[in-house]
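Participant: Below: one structure in structure tokens.
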Amino acid sequence: MTASTERRTRDEAGSPWLMLCLATLGFAVNFWAWALISPLGPLFRQNGALGALSESDVALMVAVPVIVGSLGRIVVGALTDKFGGRVMFPIVSAVTIVPILYIAFVALDSYVLLLVGGFFLGIAGTTFAVGVPFVNAWFPPERRGLAVGVFGAGMGGTAISALTTVKLYDGLGSKAPFLITATALAVYAVVGWLMLRDAPGRAAPTTSLLRRLVSNAKLPVTWQACALYAVAFGGYVAFSVYLPAYLKTDYALTPADAANRMAGFVVVAVVMRPIGGWLSDRFGPIPVLAAGFAVVVVGAGVAATHPLLEHAGTAAFLGMAAALGSGSGATFALIAKVTEPSRVGGVTGLVGAAGGLGGFVPPLIMGYVYGRTESYAIGLWLLAVTAALTLVLTLTVVRATERGQRSSSPGSASPTNVS
């Protein structure tokens, strides 16, 4: 199929940019739901609504949805390769309504029940593995970095949660943020079912789910991208879920002020994600990734010294937000560049799981370390060391993989020239 014929077929089936907007909207709404518990953690600890909670208790409470949303991406990504985003987006959105209503009407007075609700709330986090292959199939290779980066900006749904959850909880009642989010998910599920369309020519795999998972896990780019994304997106998730507790404890901010500052962190990361994808389309993903991890090394080192929040502290955290956002976008630009389109969903699921797990561990470490040392410095220094090791990996092993794929596809702008 020629490029002009392929483009005409796509236009007849639906607008790529409309599909991108709908997918990004769905990602944002689901991430809004995924992050509902995080802003409430410091509030629950302060008002004693769930009893006497330790720092580790709060860290576990906000981390549980992260791990479920992360591991669930492995299966959901493979199912998206099979059934397509047009089916999976509405289904995941509708299913997520159940744990939200459970939390609103059953779990708000019990720490254990809230952990159970948070476990199933993690389903919302799997939408990332739905959207990447869906968007990737709609765009030609030279635009996939930007397109997937724009979709990734839907992670700004966590900013919606940060800005609204505490205010709605205090102003309209404890159930308000959950009921409003459930309504938004229901509306999106209907809109998505009516308007989403899979890209023309999408070929569903015929092999078993387990076989596809094993095959995708064996690809060199899979485990390399897992490492990159565990630090880039994992760092973003860790800060987005734990930053309110960190700022309240270490800088004595109010829950609302801490949530607002976390929202600023999220906004910067969200804006930089499509920019990271666009820069990767222009200059390649390796330089973007390397620059991002270098900034994280410096920023985490500065933050570990407990600087004044109004000056160096804010600059360090916003710098890390920009670096983590651009690195997240560049990681999937790399995947789109070196992975066959029919495998993008499966690879995305595995890599997305690694990113989410990368966000699950740091809050637990930070809570554990603070509980024994009353300092977050050790956790931040560990982040700096991890980013430095990932920088070395990027400039050596990952660069070799990218060059090897490019040399195996002579005369092609991108190895993923099929859709």
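We name chains A, B, ... following the order of the structure tokens; residues begin at 1 in each chain, and ligands are numbered from 1 as shown.
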Excluding same-chain residues fewer than 2 positions from Leu350 (chain A), what lies within 8 Å of it counting only C-alpha atoms, as a list in words?
Facilitator: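 With the cut-off at 8 Å, the set is Arg73, Ile74, Gly77, Ala217, Thr222, Cys226, Gly346, Val347, Thr348, Gly352, Ala353 and Ala354 of chain A.
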Participant: Could you pull the residues within 10 Å of Arg144 (chain A), counting only C-alpha atoms, minus those fewer than 2 positions along the same chain, as number ranges by chain?
Facilitator: A: 132, 135-142, 146-150, 277-278, 280-281, 332-337, 416
Participant: Within 7 Å of Ala162 (chain A), counting only C-alpha atoms, which residues qualify if same-chain residues fewer than 4 places away don't, as a list in words?
Facilitator: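 In the requested form, the answer reads Pro39, Thr158, Ala259, Asn260, Met262 and Ala263 of chain A.
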Participant: If we count only C-alpha atoms, what is near Gly131 (chain A) at a cut-off of 7 Å, once residues fewer than 3 positions away on the same chain are taken out, given as a list in words?
Facilitator: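 Here the answer would be Ala23, Gly85, Thr127, Phe128, Phe134 and Val135 of chain A.
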Participant: Grab the residues selected above and save them as a JSON list (two decimals), in the first residue's frame with N, CA, C and O atoms.
Facilitator:
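File written: out-v8.json
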[["chain", "number", "residue", "atom", "x", "y", "z"],
["A", 23, "ALA", "N", -8.26, 9.38, 22.69],
["A", 23, "ALA", "CA", -7.42, 8.49, 23.50],
["A", 23, "ALA", "C", -6.77, 9.25, 24.65],
["A", 23, "ALA", "O", -6.72, 8.75, 25.79],
["A", 85, "GLY", "N", -7.97, -0.87, 20.72],
["A", 85, "GLY", "CA", -8.29, 0.17, 21.69],
["A", 85, "GLY", "C", -9.75, 0.59, 21.66],
["A", 85, "GLY", "O", -10.29, 1.04, 22.67],
["A", 127, "THR", "N", -4.83, 1.82, 31.40],
["A", 127, "THR", "CA", -5.22, 2.44, 30.13],
["A", 127, "THR", "C", -4.02, 2.92, 29.32],
["A", 127, "THR", "O", -4.13, 3.10, 28.11],
["A", 128, "PHE", "N", -2.90, 3.10, 29.97],
["A", 128, "PHE", "CA", -1.70, 3.51, 29.23],
["A", 128, "PHE", "C", -1.35, 2.46, 28.18],
["A", 128, "PHE", "O", -0.98, 2.80, 27.05],
["A", 134, "PHE", "N", -2.80, 1.87, 20.27],
["A", 134, "PHE", "CA", -3.91, 2.46, 19.53],
["A", 134, "PHE", "C", -3.45, 3.70, 18.76],
["A", 134, "PHE", "O", -3.71, 3.84, 17.56],
["A", 135, "VAL", "N", -2.74, 4.60, 19.44],
["A", 135, "VAL", "CA", -2.26, 5.82, 18.80],
["A", 135, "VAL", "C", -1.16, 5.51, 17.81],
["A", 135, "VAL", "O", -1.12, 6.07, 16.70]]
Participant: Which residues come within 7 Å of Leu228 (chain A), counting only C-alpha atoms, excluding same-chain residues fewer than 4 positions away, as a PyMOL selection string?
Facilitator: chain A and resi 224+232+331+390
Participant: Restricted to all heavy atoms, what would the selected residues look like written as a compact mmCIF listing (two decimals), in the first residue's frame?
Facilitator:
# COMPACT_ATOMS: atom_id res chain seq x y z
N GLN A 224 15.39 -3.23 27.89
CA GLN A 224 16.10 -1.95 27.95
C GLN A 224 15.12 -0.81 28.21
O GLN A 224 15.36 0.06 29.06
CB GLN A 224 16.88 -1.72 26.65
CG GLN A 224 18.04 -2.68 26.45
CD GLN A 224 18.60 -2.63 25.04
OE1 GLN A 224 18.43 -1.64 24.32
NE2 GLN A 224 19.28 -3.70 24.63
N ALA A 232 12.29 6.85 34.43
CA ALA A 232 11.67 8.08 33.92
C ALA A 232 10.22 8.20 34.40
O ALA A 232 9.87 9.11 35.17
CB ALA A 232 11.73 8.11 32.39
N THR A 331 11.19 7.50 25.69
CA THR A 331 11.22 6.04 25.80
C THR A 331 10.28 5.39 24.79
O THR A 331 10.63 4.43 24.10
CB THR A 331 10.85 5.59 27.22
OG1 THR A 331 11.78 6.14 28.15
CG2 THR A 331 10.87 4.07 27.33
N THR A 390 21.36 4.64 34.93
CA THR A 390 20.50 4.59 33.74
C THR A 390 21.07 5.43 32.62
O THR A 390 20.95 5.08 31.43
CB THR A 390 19.08 5.07 34.10
OG1 THR A 390 18.63 4.41 35.28
CG2 THR A 390 18.11 4.76 32.96
Participant: Do a neighbour search on region 298-312 of chain A at 6 Å with only C-alpha atoms, toss out local chain neighbours closer than 5 positions, and write the hits as number ranges by chain.
Facilitator: A: 320, 377, 380, 384
Participant: Compare A:Pro341, A:Gly235, A:Gly84, A:Gly379 by their minimum atom-to-atom distance to Gly359 (chain A), counting only C-alpha atoms, and give me the closest one.
Facilitator: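 Counting only C-alpha atoms, the residue closest to Gly359 (chain A) is A:Gly235.
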Participant: Contacts of Leu185 (chain A) at 10 Å or less, counting only C-alpha atoms, minus same-chain residues fewer than 5 places along, as a list in words?
Facilitator: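 So, after excluding close chain neighbours, the residues are Gly26, Val29, Asn30, Trp32, Ala33, Pro90, Val92, Ser93, Ala94, Val95, Thr96, Ile97, Ala124, Leu179, Ile180, Val190 and Val191 of chain A.
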Participant: Distance CA of Ser70 (chain A)-CA of Ala321 (chain A), one decimal place?
Facilitator: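 Interatomic distance here is 20.2 Å.
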Participant: Using only C-alpha atoms, which residue out of A:Ala238, A:Val106, A:Ile160, A:Leu115 lies closest to Leu357 (chain A)?
Facilitator: A:Ala238
Participant: Select from region 191-278 of chain A everything DSSP, run on the backbone, classes as helix (DSSP H, G or I), then give the selection as a PyMOL selection string.
Facilitator: chain A and resi 191-195+209-217+220-251+255-278
